[in-house]
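So the structure is just underneath, and the comments pick up after that.
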Amino acid sequence: MTLTEGGSVKINLDATDFDPFLRLLTESLSPITEDDDSGTGFNAEISTQLDAGTYRILVNSATSTTETGSYSLTTTGPAGSTPTPTDSRLINIATRAFVDTGDGVAIGGLIIEGSSAKTVVIRAIGPDLANRGVAGVLTDPQLQLFSGPDLIDSNDDWDQHPRMSEIPSNLVPTFQLESVIVATLEPGPYTAIVRGNQETTGVGLVEIFEVESDASKLVNIATRGSVGAGDNVMIGGLIIAGDAPMTVLIRAKGPSLSDFGVQGALLDPVLQVFSGPDLIDTNDDWRSHSNADNIPTNLQPTNDKESSILITLQPGAYTAIVSGSGGTTGIGLVEVFEVQ
């Protein structure tokens with residue numbers, strides 16, 4: 001929601017099908033406050049003082065991340081400033097994978113749609129993953145940003161980037177060897193490549209963040225990399241912000257990458273989608289999914305062994321895991337599309 005002037009704000013979340021939970025965040029996703037049962041019955045209510053600006057409201061169930069149902073969300077702002085609803089949108093995707101050399105480097109793609117330039121933060125994380133229990137991390141990631149074949153920006157150590165002062169405080173890396181690019185990009189497709197300094201390898205994380213809401217937005221984000229077993233499966237995270245559910249298509253590709261000259265493609269990818277710890281959907285061969293007939297023709301995989309999940313998600317954070325059927329490994333691609 002957007003406030004044109006500061007003051008007292010009340011947000012009410014009412015539901016009869018489930019126990020609702022309400023969270024209020026800044027535009028850059030820093031938490032402000034949250035509530036479970038301050039409303040009538042088990043409903044949620046937040047009353048707080050806010051400055052003029054844009055904020056994110058996340059709605060979920062208090063008891064189960066897979067619980068669904070109808071709800072009513074109302075906002076009341078200070079006199080003379082009616083909160084304006086914020087459209088739901090993809091604001092972040094992060095993919096963890098084994099970063100190899102050659103075709104096995106991690107490649108993140110994004111498409112910006114709209115009529116104006118958008119500022120994004122792209123990060124390549126490696127050393128910090130060890131603090132999260134990941135073994136064999138990429139110790140010194142390097143990041144490059146391309147528009148078509150043209151290199152438009154690059155970074156090795158984040159504090160050496162010329163726009164490092166613009167990195168939001170909650171996105172500043174923990175380790176100096178990790179990489180960040182802050183870029184203002186015109187609408188169109190872009191590619192971010194993560195590799196190890198001096199051809200080193202290991203588990204790395206590539207992340208793309210939208211840092212402000214405007215007319216232009218991310219509509220497609222994808223990552224290609226090595227899909228291993230155990231900790232080395234490909235793990236994609238996405239965050240949907242806004243006030244309404246969003247329908248997305250999540251794809252896991254492998255065999256069709258061979259058509260583009262990729263060596264060692266994953267022959268039979270399996271896709272799982274999680275909300276928190278809860279598995280909410282899974283697919284092996286895309287035609288077997290219950291929503292396969294509803295996938296737009298231009299987004300249907302070209303190989304029957306590839307996986308797709310068309311799903312409507314409430315605002316919040318989700319995880320997509322790509323593995324190989326039977327423990328197989330290879331180069332794979334995870335993609336997320338906003339579907340109108």
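In the structure tokens, chains take letters A, B, ... by order of appearance, with residues numbered from 1 within each chain and ligands from 1 in the order shown.
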Do you know which residues are at most 8 Å from A:Gly77 counting only C-alpha atoms, after dropping those on the same chain fewer than 6 positions away, and could you put them as a ChimeraX atom specification? /A:3,7-10,83
Per-residue nearest contacts of stretch 199-254 of chain A to stretch 315-326 of chain A (9 Å; only C-alpha atoms) as JSON lines:
```
{"residue": "A:Val227", "atom": "CA", "partner": "A:Ser323", "partner_atom": "CA", "distance": 6.3}
{"residue": "A:Gly228", "atom": "CA", "partner": "A:Ser323", "partner_atom": "CA", "distance": 7.1}
{"residue": "A:Ala229", "atom": "CA", "partner": "A:Ser323", "partner_atom": "CA", "distance": 7.0}
{"residue": "A:Asn232", "atom": "CA", "partner": "A:Ser323", "partner_atom": "CA", "distance": 8.9}
{"residue": "A:Val233", "atom": "CA", "partner": "A:Ser323", "partner_atom": "CA", "distance": 5.4}
{"residue": "A:Met234", "atom": "CA", "partner": "A:Val322", "partner_atom": "CA", "distance": 5.1}
{"residue": "A:Ile235", "atom": "CA", "partner": "A:Ile321", "partner_atom": "CA", "distance": 4.6}
{"residue": "A:Gly236", "atom": "CA", "partner": "A:Ala320", "partner_atom": "CA", "distance": 4.8}
{"residue": "A:Gly237", "atom": "CA", "partner": "A:Thr319", "partner_atom": "CA", "distance": 4.3}
{"residue": "A:Leu238", "atom": "CA", "partner": "A:Tyr318", "partner_atom": "CA", "distance": 5.4}
{"residue": "A:Ile239", "atom": "CA", "partner": "A:Ala317", "partner_atom": "CA", "distance": 4.4}
{"residue": "A:Ile240", "atom": "CA", "partner": "A:Pro315", "partner_atom": "CA", "distance": 4.8}
{"residue": "A:Ala241", "atom": "CA", "partner": "A:Pro315", "partner_atom": "CA", "distance": 5.2}
{"residue": "A:Gly242", "atom": "CA", "partner": "A:Pro315", "partner_atom": "CA", "distance": 6.1}
{"residue": "A:Asp243", "atom": "CA", "partner": "A:Pro315", "partner_atom": "CA", "distance": 7.0}
{"residue": "A:Ala244", "atom": "CA", "partner": "A:Pro315", "partner_atom": "CA", "distance": 6.7}
{"residue": "A:Pro245", "atom": "CA", "partner": "A:Pro315", "partner_atom": "CA", "distance": 6.0}
{"residue": "A:Met246", "atom": "CA", "partner": "A:Pro315", "partner_atom": "CA", "distance": 7.4}
{"residue": "A:Ile250", "atom": "CA", "partner": "A:Ala320", "partner_atom": "CA", "distance": 7.9}
{"residue": "A:Ala252", "atom": "CA", "partner": "A:Val322", "partner_atom": "CA", "distance": 6.5}
```
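Among the candidates A:Trp158, A:Gln263, A:Gly332, A:Trp286, the one nearest to A:Leu249 when counting only C-alpha atoms is A:Trp286.
Across A:Ala15, A:Leu22, A:Ile111, A:Val182, the tightest approach to A:Ser154 is made by A:Val182 when counting only C-alpha atoms.
Proximity of A:Phe274, A:Phe146, A:Phe98, A:Phe260 to A:Thr201, computed with only C-alpha atoms, is greatest for A:Phe98.
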Which polymer residues have any atom within 10 Å of an atom of A:Glu335, counting only C-alpha atoms, with same-chain residues fewer than 6 positions away left out, as an NGL selection string? :A and (93 or 108-110 or 220-224 or 236 or 248-253 or 308 or 320)
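Shortest atom-to-atom contact with A:Phe175 among A:Gln198, A:Thr139, A:Gln300, A:Ser288: A:Thr139, counting only C-alpha atoms.
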Per DSSP on the backbone, filter stretch 43-197 of chain A down to the residues in strand (DSSP E or B) and report them as a PDB file with N, CA and C atoms, in the first residue's frame.
```pdb
ATOM      1  N   ALA A  44      -6.990 -10.793  12.408  1.00  0.00           N
ATOM      2  CA  ALA A  44      -5.761 -10.048  12.677  1.00  0.00           C
ATOM      3  C   ALA A  44      -5.988  -8.560  12.460  1.00  0.00           C
ATOM      4  N   GLU A  45      -5.285  -7.745  13.249  1.00  0.00           N
ATOM      5  CA  GLU A  45      -5.405  -6.297  13.128  1.00  0.00           C
ATOM      6  C   GLU A  45      -4.078  -5.640  13.523  1.00  0.00           C
ATOM      7  N   ILE A  46      -3.657  -4.687  12.730  1.00  0.00           N
ATOM      8  CA  ILE A  46      -2.459  -3.897  13.046  1.00  0.00           C
ATOM      9  C   ILE A  46      -2.850  -2.429  13.094  1.00  0.00           C
ATOM     10  N   SER A  47      -2.506  -1.766  14.196  1.00  0.00           N
ATOM     11  CA  SER A  47      -2.671  -0.309  14.323  1.00  0.00           C
ATOM     12  C   SER A  47      -1.296   0.270  14.631  1.00  0.00           C
ATOM     13  N   THR A  48      -0.836   1.192  13.799  1.00  0.00           N
ATOM     14  CA  THR A  48       0.520   1.708  13.957  1.00  0.00           C
ATOM     15  C   THR A  48       0.645   3.095  13.331  1.00  0.00           C
ATOM     16  N   GLN A  49       1.747   3.767  13.614  1.00  0.00           N
ATOM     17  CA  GLN A  49       2.064   5.054  13.017  1.00  0.00           C
ATOM     18  C   GLN A  49       3.072   4.830  11.883  1.00  0.00           C
ATOM     19  N   LEU A  50       2.776   5.370  10.700  1.00  0.00           N
ATOM     20  CA  LEU A  50       3.652   5.205   9.551  1.00  0.00           C
ATOM     21  C   LEU A  50       3.936   6.550   8.889  1.00  0.00           C
ATOM     22  N   GLY A  53       4.807   6.899   2.325  1.00  0.00           N
ATOM     23  CA  GLY A  53       5.664   5.974   1.584  1.00  0.00           C
ATOM     24  C   GLY A  53       4.912   4.724   1.188  1.00  0.00           C
ATOM     25  N   THR A  54       5.650   3.753   0.667  1.00  0.00           N
ATOM     26  CA  THR A  54       5.077   2.498   0.206  1.00  0.00           C
ATOM     27  C   THR A  54       5.466   1.374   1.155  1.00  0.00           C
ATOM     28  N   TYR A  55       4.490   0.498   1.454  1.00  0.00           N
ATOM     29  CA  TYR A  55       4.682  -0.599   2.400  1.00  0.00           C
ATOM     30  C   TYR A  55       4.147  -1.898   1.788  1.00  0.00           C
ATOM     31  N   ARG A  56       4.639  -3.013   2.317  1.00  0.00           N
ATOM     32  CA  ARG A  56       4.194  -4.333   1.863  1.00  0.00           C
ATOM     33  C   ARG A  56       3.328  -4.965   2.946  1.00  0.00           C
ATOM     34  N   ILE A  57       2.218  -5.591   2.519  1.00  0.00           N
ATOM     35  CA  ILE A  57       1.347  -6.329   3.434  1.00  0.00           C
ATOM     36  C   ILE A  57       1.345  -7.788   2.990  1.00  0.00           C
ATOM     37  N   LEU A  58       1.717  -8.684   3.910  1.00  0.00           N
ATOM     38  CA  LEU A  58       1.711 -10.113   3.610  1.00  0.00           C
ATOM     39  C   LEU A  58       0.616 -10.779   4.419  1.00  0.00           C
ATOM     40  N   VAL A  59      -0.192 -11.615   3.756  1.00  0.00           N
ATOM     41  CA  VAL A  59      -1.316 -12.320   4.361  1.00  0.00           C
ATOM     42  C   VAL A  59      -1.034 -13.813   4.316  1.00  0.00           C
ATOM     43  N   ASN A  60      -1.254 -14.499   5.451  1.00  0.00           N
ATOM     44  CA  ASN A  60      -1.075 -15.948   5.469  1.00  0.00           C
ATOM     45  C   ASN A  60      -1.969 -16.540   6.542  1.00  0.00           C
ATOM     46  N   SER A  61      -1.952 -17.863   6.649  1.00  0.00           N
ATOM     47  CA  SER A  61      -2.636 -18.559   7.725  1.00  0.00           C
ATOM     48  C   SER A  61      -1.716 -18.629   8.934  1.00  0.00           C
ATOM     49  N   TYR A  71     -10.663 -14.155   2.210  1.00  0.00           N
ATOM     50  CA  TYR A  71     -10.399 -13.204   3.280  1.00  0.00           C
ATOM     51  C   TYR A  71     -10.737 -11.803   2.798  1.00  0.00           C
ATOM     52  N   SER A  72     -10.870 -10.888   3.768  1.00  0.00           N
ATOM     53  CA  SER A  72     -11.115  -9.481   3.480  1.00  0.00           C
ATOM     54  C   SER A  72      -9.998  -8.663   4.129  1.00  0.00           C
ATOM     55  N   LEU A  73      -9.360  -7.795   3.328  1.00  0.00           N
ATOM     56  CA  LEU A  73      -8.284  -6.948   3.824  1.00  0.00           C
ATOM     57  C   LEU A  73      -8.712  -5.501   3.647  1.00  0.00           C
ATOM     58  N   THR A  74      -8.752  -4.745   4.762  1.00  0.00           N
ATOM     59  CA  THR A  74      -9.127  -3.338   4.688  1.00  0.00           C
ATOM     60  C   THR A  74      -8.037  -2.494   5.350  1.00  0.00           C
ATOM     61  N   THR A  75      -7.813  -1.309   4.803  1.00  0.00           N
ATOM     62  CA  THR A  75      -6.816  -0.393   5.353  1.00  0.00           C
ATOM     63  C   THR A  75      -7.442   0.978   5.539  1.00  0.00           C
ATOM     64  N   THR A  76      -7.119   1.605   6.668  1.00  0.00           N
ATOM     65  CA  THR A  76      -7.586   2.956   6.971  1.00  0.00           C
ATOM     66  C   THR A  76      -6.368   3.810   7.278  1.00  0.00           C
ATOM     67  N   THR A  84      -3.442   3.343  -0.841  1.00  0.00           N
ATOM     68  CA  THR A  84      -3.674   2.812  -2.176  1.00  0.00           C
ATOM     69  C   THR A  84      -3.171   1.378  -2.247  1.00  0.00           C
ATOM     70  N   ARG A  89       3.176  -8.618  -7.063  1.00  0.00           N
ATOM     71  CA  ARG A  89       4.254  -8.657  -8.035  1.00  0.00           C
ATOM     72  C   ARG A  89       5.386  -9.524  -7.503  1.00  0.00           C
ATOM     73  N   LEU A  90       6.163 -10.054  -8.423  1.00  0.00           N
ATOM     74  CA  LEU A  90       7.381 -10.760  -8.057  1.00  0.00           C
ATOM     75  C   LEU A  90       8.429  -9.723  -7.681  1.00  0.00           C
ATOM     76  N   ILE A  91       9.015  -9.857  -6.493  1.00  0.00           N
ATOM     77  CA  ILE A  91      10.004  -8.868  -6.079  1.00  0.00           C
ATOM     78  C   ILE A  91      11.368  -9.497  -5.814  1.00  0.00           C
ATOM     79  N   ASN A  92      11.453 -10.805  -5.801  1.00  0.00           N
ATOM     80  CA  ASN A  92      12.748 -11.438  -5.510  1.00  0.00           C
ATOM     81  C   ASN A  92      12.732 -12.885  -5.968  1.00  0.00           C
ATOM     82  N   ILE A  93      13.840 -13.312  -6.560  1.00  0.00           N
ATOM     83  CA  ILE A  93      14.094 -14.736  -6.706  1.00  0.00           C
ATOM     84  C   ILE A  93      15.539 -14.988  -6.338  1.00  0.00           C
ATOM     85  N   ALA A  94      15.765 -16.089  -5.643  1.00  0.00           N
ATOM     86  CA  ALA A  94      17.112 -16.476  -5.249  1.00  0.00           C
ATOM     87  C   ALA A  94      17.261 -17.963  -5.554  1.00  0.00           C
ATOM     88  N   THR A  95      18.340 -18.321  -6.234  1.00  0.00           N
ATOM     89  CA  THR A  95      18.559 -19.722  -6.585  1.00  0.00           C
ATOM     90  C   THR A  95      19.917 -20.179  -6.092  1.00  0.00           C
ATOM     91  N   ARG A  96      19.897 -21.285  -5.322  1.00  0.00           N
ATOM     92  CA  ARG A  96      21.127 -21.884  -4.832  1.00  0.00           C
ATOM     93  C   ARG A  96      21.448 -23.111  -5.658  1.00  0.00           C
ATOM     94  N   ALA A  97      22.703 -23.202  -6.123  1.00  0.00           N
ATOM     95  CA  ALA A  97      23.112 -24.329  -6.956  1.00  0.00           C
ATOM     96  C   ALA A  97      24.623 -24.484  -6.874  1.00  0.00           C
ATOM     97  N   PHE A  98      25.121 -25.628  -7.340  1.00  0.00           N
ATOM     98  CA  PHE A  98      26.551 -25.829  -7.422  1.00  0.00           C
ATOM     99  C   PHE A  98      27.084 -25.038  -8.614  1.00  0.00           C
ATOM    100  N   VAL A  99      28.030 -24.142  -8.344  1.00  0.00           N
ATOM    101  CA  VAL A  99      28.614 -23.306  -9.389  1.00  0.00           C
ATOM    102  C   VAL A  99      29.881 -23.987  -9.891  1.00  0.00           C
ATOM    103  N   ALA A 106      26.581 -20.580 -12.816  1.00  0.00           N
ATOM    104  CA  ALA A 106      25.189 -20.215 -12.531  1.00  0.00           C
ATOM    105  C   ALA A 106      24.800 -19.001 -13.369  1.00  0.00           C
ATOM    106  N   ILE A 107      23.684 -19.112 -14.069  1.00  0.00           N
ATOM    107  CA  ILE A 107      23.232 -18.060 -14.970  1.00  0.00           C
ATOM    108  C   ILE A 107      21.821 -17.643 -14.567  1.00  0.00           C
ATOM    109  N   GLY A 108      21.674 -16.401 -14.119  1.00  0.00           N
ATOM    110  CA  GLY A 108      20.367 -15.877 -13.744  1.00  0.00           C
ATOM    111  C   GLY A 108      19.836 -14.946 -14.810  1.00  0.00           C
ATOM    112  N   GLY A 109      18.611 -15.182 -15.250  1.00  0.00           N
ATOM    113  CA  GLY A 109      17.988 -14.331 -16.255  1.00  0.00           C
ATOM    114  C   GLY A 109      16.798 -13.596 -15.671  1.00  0.00           C
ATOM    115  N   LEU A 110      16.571 -12.374 -16.136  1.00  0.00           N
ATOM    116  CA  LEU A 110      15.415 -11.614 -15.688  1.00  0.00           C
ATOM    117  C   LEU A 110      14.844 -10.819 -16.848  1.00  0.00           C
ATOM    118  N   ILE A 111      13.543 -10.599 -16.799  1.00  0.00           N
ATOM    119  CA  ILE A 111      12.876  -9.761 -17.788  1.00  0.00           C
ATOM    120  C   ILE A 111      12.131  -8.658 -17.051  1.00  0.00           C
ATOM    121  N   ILE A 112      12.375  -7.414 -17.450  1.00  0.00           N
ATOM    122  CA  ILE A 112      11.675  -6.262 -16.895  1.00  0.00           C
ATOM    123  C   ILE A 112      10.645  -5.806 -17.918  1.00  0.00           C
ATOM    124  N   GLU A 113       9.415  -5.666 -17.467  1.00  0.00           N
ATOM    125  CA  GLU A 113       8.319  -5.253 -18.345  1.00  0.00           C
ATOM    126  C   GLU A 113       7.789  -3.915 -17.868  1.00  0.00           C
ATOM    127  N   LYS A 118      14.068   0.374 -14.222  1.00  0.00           N
ATOM    128  CA  LYS A 118      13.885  -0.185 -12.882  1.00  0.00           C
ATOM    129  C   LYS A 118      15.245  -0.449 -12.260  1.00  0.00           C
ATOM    130  N   THR A 119      15.373  -0.123 -10.974  1.00  0.00           N
ATOM    131  CA  THR A 119      16.602  -0.411 -10.241  1.00  0.00           C
ATOM    132  C   THR A 119      16.476  -1.765  -9.544  1.00  0.00           C
ATOM    133  N   VAL A 120      17.462  -2.617  -9.751  1.00  0.00           N
ATOM    134  CA  VAL A 120      17.494  -3.937  -9.129  1.00  0.00           C
ATOM    135  C   VAL A 120      18.828  -4.113  -8.413  1.00  0.00           C
ATOM    136  N   VAL A 121      18.833  -4.996  -7.433  1.00  0.00           N
ATOM    137  CA  VAL A 121      20.049  -5.426  -6.759  1.00  0.00           C
ATOM    138  C   VAL A 121      20.256  -6.901  -7.084  1.00  0.00           C
ATOM    139  N   ILE A 122      21.427  -7.232  -7.606  1.00  0.00           N
ATOM    140  CA  ILE A 122      21.773  -8.610  -7.950  1.00  0.00           C
ATOM    141  C   ILE A 122      22.942  -9.012  -7.067  1.00  0.00           C
ATOM    142  N   ARG A 123      22.811 -10.154  -6.382  1.00  0.00           N
ATOM    143  CA  ARG A 123      23.862 -10.587  -5.467  1.00  0.00           C
ATOM    144  C   ARG A 123      24.358 -11.988  -5.838  1.00  0.00           C
ATOM    145  N   ALA A 124      25.643 -12.223  -5.593  1.00  0.00           N
ATOM    146  CA  ALA A 124      26.248 -13.547  -5.705  1.00  0.00           C
ATOM    147  C   ALA A 124      26.843 -13.875  -4.346  1.00  0.00           C
ATOM    148  N   ILE A 125      26.247 -14.858  -3.667  1.00  0.00           N
ATOM    149  CA  ILE A 125      26.613 -15.196  -2.292  1.00  0.00           C
ATOM    150  C   ILE A 125      27.294 -16.562  -2.277  1.00  0.00           C
ATOM    151  N   VAL A 137      31.053 -24.550  -0.046  1.00  0.00           N
ATOM    152  CA  VAL A 137      30.539 -23.309  -0.622  1.00  0.00           C
ATOM    153  C   VAL A 137      31.553 -22.699  -1.591  1.00  0.00           C
ATOM    154  N   PRO A 141      32.852 -15.679  -5.059  1.00  0.00           N
ATOM    155  CA  PRO A 141      32.039 -15.544  -6.274  1.00  0.00           C
ATOM    156  C   PRO A 141      32.336 -14.260  -7.026  1.00  0.00           C
ATOM    157  N   GLN A 142      32.175 -14.322  -8.341  1.00  0.00           N
ATOM    158  CA  GLN A 142      32.256 -13.151  -9.197  1.00  0.00           C
ATOM    159  C   GLN A 142      30.950 -13.032  -9.969  1.00  0.00           C
ATOM    160  N   LEU A 143      30.530 -11.795 -10.246  1.00  0.00           N
ATOM    161  CA  LEU A 143      29.231 -11.536 -10.848  1.00  0.00           C
ATOM    162  C   LEU A 143      29.394 -10.665 -12.086  1.00  0.00           C
ATOM    163  N   GLN A 144      28.717 -11.055 -13.169  1.00  0.00           N
ATOM    164  CA  GLN A 144      28.695 -10.255 -14.398  1.00  0.00           C
ATOM    165  C   GLN A 144      27.245 -10.068 -14.834  1.00  0.00           C
ATOM    166  N   LEU A 145      26.931  -8.905 -15.401  1.00  0.00           N
ATOM    167  CA  LEU A 145      25.590  -8.609 -15.889  1.00  0.00           C
ATOM    168  C   LEU A 145      25.660  -8.284 -17.377  1.00  0.00           C
ATOM    169  N   PHE A 146      24.811  -8.979 -18.166  1.00  0.00           N
ATOM    170  CA  PHE A 146      24.806  -8.821 -19.618  1.00  0.00           C
ATOM    171  C   PHE A 146      23.438  -8.345 -20.100  1.00  0.00           C
ATOM    172  N   SER A 147      23.461  -7.533 -21.153  1.00  0.00           N
ATOM    173  CA  SER A 147      22.280  -7.220 -21.945  1.00  0.00           C
ATOM    174  C   SER A 147      22.540  -7.808 -23.324  1.00  0.00           C
ATOM    175  N   ASP A 150      26.266  -8.186 -24.583  1.00  0.00           N
ATOM    176  CA  ASP A 150      27.098  -7.094 -24.104  1.00  0.00           C
ATOM    177  C   ASP A 150      27.227  -7.104 -22.579  1.00  0.00           C
ATOM    178  N   LEU A 151      28.453  -7.115 -22.079  1.00  0.00           N
ATOM    179  CA  LEU A 151      28.712  -6.988 -20.649  1.00  0.00           C
ATOM    180  C   LEU A 151      28.462  -5.536 -20.245  1.00  0.00           C
ATOM    181  N   ILE A 152      27.509  -5.323 -19.314  1.00  0.00           N
ATOM    182  CA  ILE A 152      27.173  -3.952 -18.923  1.00  0.00           C
ATOM    183  C   ILE A 152      27.607  -3.617 -17.498  1.00  0.00           C
ATOM    184  N   ASP A 153      27.954  -4.634 -16.708  1.00  0.00           N
ATOM    185  CA  ASP A 153      28.437  -4.375 -15.359  1.00  0.00           C
ATOM    186  C   ASP A 153      29.067  -5.646 -14.807  1.00  0.00           C
ATOM    187  N   SER A 154      29.937  -5.497 -13.815  1.00  0.00           N
ATOM    188  CA  SER A 154      30.553  -6.656 -13.175  1.00  0.00           C
ATOM    189  C   SER A 154      31.022  -6.258 -11.785  1.00  0.00           C
ATOM    190  N   ASN A 155      31.209  -7.264 -10.928  1.00  0.00           N
ATOM    191  CA  ASN A 155      31.703  -7.016  -9.587  1.00  0.00           C
ATOM    192  C   ASN A 155      32.318  -8.292  -9.029  1.00  0.00           C
ATOM    193  N   SER A 179      29.581 -10.728  -3.960  1.00  0.00           N
ATOM    194  CA  SER A 179      29.452  -9.743  -5.039  1.00  0.00           C
ATOM    195  C   SER A 179      28.051  -9.161  -5.112  1.00  0.00           C
ATOM    196  N   VAL A 180      27.974  -7.878  -5.454  1.00  0.00           N
ATOM    197  CA  VAL A 180      26.691  -7.192  -5.612  1.00  0.00           C
ATOM    198  C   VAL A 180      26.796  -6.213  -6.779  1.00  0.00           C
ATOM    199  N   ILE A 181      25.725  -6.165  -7.570  1.00  0.00           N
ATOM    200  CA  ILE A 181      25.578  -5.140  -8.603  1.00  0.00           C
ATOM    201  C   ILE A 181      24.265  -4.400  -8.359  1.00  0.00           C
ATOM    202  N   VAL A 182      24.333  -3.082  -8.274  1.00  0.00           N
ATOM    203  CA  VAL A 182      23.138  -2.236  -8.273  1.00  0.00           C
ATOM    204  C   VAL A 182      23.045  -1.634  -9.668  1.00  0.00           C
ATOM    205  N   ALA A 183      21.931  -1.899 -10.358  1.00  0.00           N
ATOM    206  CA  ALA A 183      21.814  -1.452 -11.747  1.00  0.00           C
ATOM    207  C   ALA A 183      20.421  -0.901 -12.002  1.00  0.00           C
ATOM    208  N   THR A 184      20.360   0.172 -12.767  1.00  0.00           N
ATOM    209  CA  THR A 184      19.090   0.717 -13.237  1.00  0.00           C
ATOM    210  C   THR A 184      18.932   0.301 -14.698  1.00  0.00           C
ATOM    211  N   LEU A 185      17.929  -0.528 -14.964  1.00  0.00           N
ATOM    212  CA  LEU A 185      17.814  -1.205 -16.245  1.00  0.00           C
ATOM    213  C   LEU A 185      16.548  -0.788 -16.980  1.00  0.00           C
ATOM    214  N   GLY A 188      13.333  -4.964 -20.634  1.00  0.00           N
ATOM    215  CA  GLY A 188      13.966  -5.915 -21.541  1.00  0.00           C
ATOM    216  C   GLY A 188      14.576  -7.078 -20.782  1.00  0.00           C
ATOM    217  N   PRO A 189      15.235  -8.008 -21.489  1.00  0.00           N
ATOM    218  CA  PRO A 189      15.851  -9.174 -20.848  1.00  0.00           C
ATOM    219  C   PRO A 189      17.323  -8.918 -20.493  1.00  0.00           C
ATOM    220  N   TYR A 190      17.751  -9.521 -19.381  1.00  0.00           N
ATOM    221  CA  TYR A 190      19.128  -9.387 -18.910  1.00  0.00           C
ATOM    222  C   TYR A 190      19.597 -10.733 -18.352  1.00  0.00           C
ATOM    223  N   THR A 191      20.919 -10.897 -18.280  1.00  0.00           N
ATOM    224  CA  THR A 191      21.502 -12.139 -17.784  1.00  0.00           C
ATOM    225  C   THR A 191      22.594 -11.824 -16.773  1.00  0.00           C
ATOM    226  N   ALA A 192      22.544 -12.506 -15.619  1.00  0.00           N
ATOM    227  CA  ALA A 192      23.583 -12.385 -14.593  1.00  0.00           C
ATOM    228  C   ALA A 192      24.311 -13.720 -14.498  1.00  0.00           C
ATOM    229  N   ILE A 193      25.643 -13.688 -14.575  1.00  0.00           N
ATOM    230  CA  ILE A 193      26.440 -14.918 -14.535  1.00  0.00           C
ATOM    231  C   ILE A 193      27.302 -14.913 -13.274  1.00  0.00           C
ATOM    232  N   VAL A 194      27.235 -16.020 -12.533  1.00  0.00           N
ATOM    233  CA  VAL A 194      28.046 -16.205 -11.329  1.00  0.00           C
ATOM    234  C   VAL A 194      29.051 -17.315 -11.585  1.00  0.00           C
ATOM    235  N   ARG A 195      30.331 -17.016 -11.342  1.00  0.00           N
ATOM    236  CA  ARG A 195      31.386 -18.019 -11.429  1.00  0.00           C
ATOM    237  C   ARG A 195      32.344 -17.805 -10.276  1.00  0.00           C
ATOM    238  N   GLY A 196      33.254 -18.735 -10.070  1.00  0.00           N
ATOM    239  CA  GLY A 196      34.229 -18.602  -9.004  1.00  0.00           C
ATOM    240  C   GLY A 196      35.492 -17.915  -9.476  1.00  0.00           C
TER     241      GLY A 196
END
```
What residues in stretch 64-201 of chain A get the DSSP label helix (DSSP H, G or I)? Please answer as a list in words.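 Those in stretch 64-201 of chain A that DSSP calls helix (DSSP H, G or I) are Gly102, Asp103, Gly104, Pro127, Asp128, Leu129, Ala130, Asn131, Arg132, Trp158, Asp159, Gln160, Met164, Ser165, Glu166, Ser169, Asn170, Leu171, Asn197, Gln198 and Glu199 of chain A.
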Neighbours of A:Leu129 within 10 Å (only C-alpha atoms; same-chain residues fewer than 2 positions away dropped), as an MDAnalysis selection string? chainID A and resid 96 125:127 131:139 203:205
Go through A:Thr26, A:Ser116, A:Asp51, A:Ile331 and flag the residue nearest A:Ser258, using only C-alpha atoms for the distances.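 Looking only at the distances to A:Ser258, the closest residue turns out to be A:Ile331.
The closest residue to A:Thr328, picked from A:Gly230, A:Pro296, A:Pro277, A:Gly104 and counting only C-alpha atoms, is A:Gly230.
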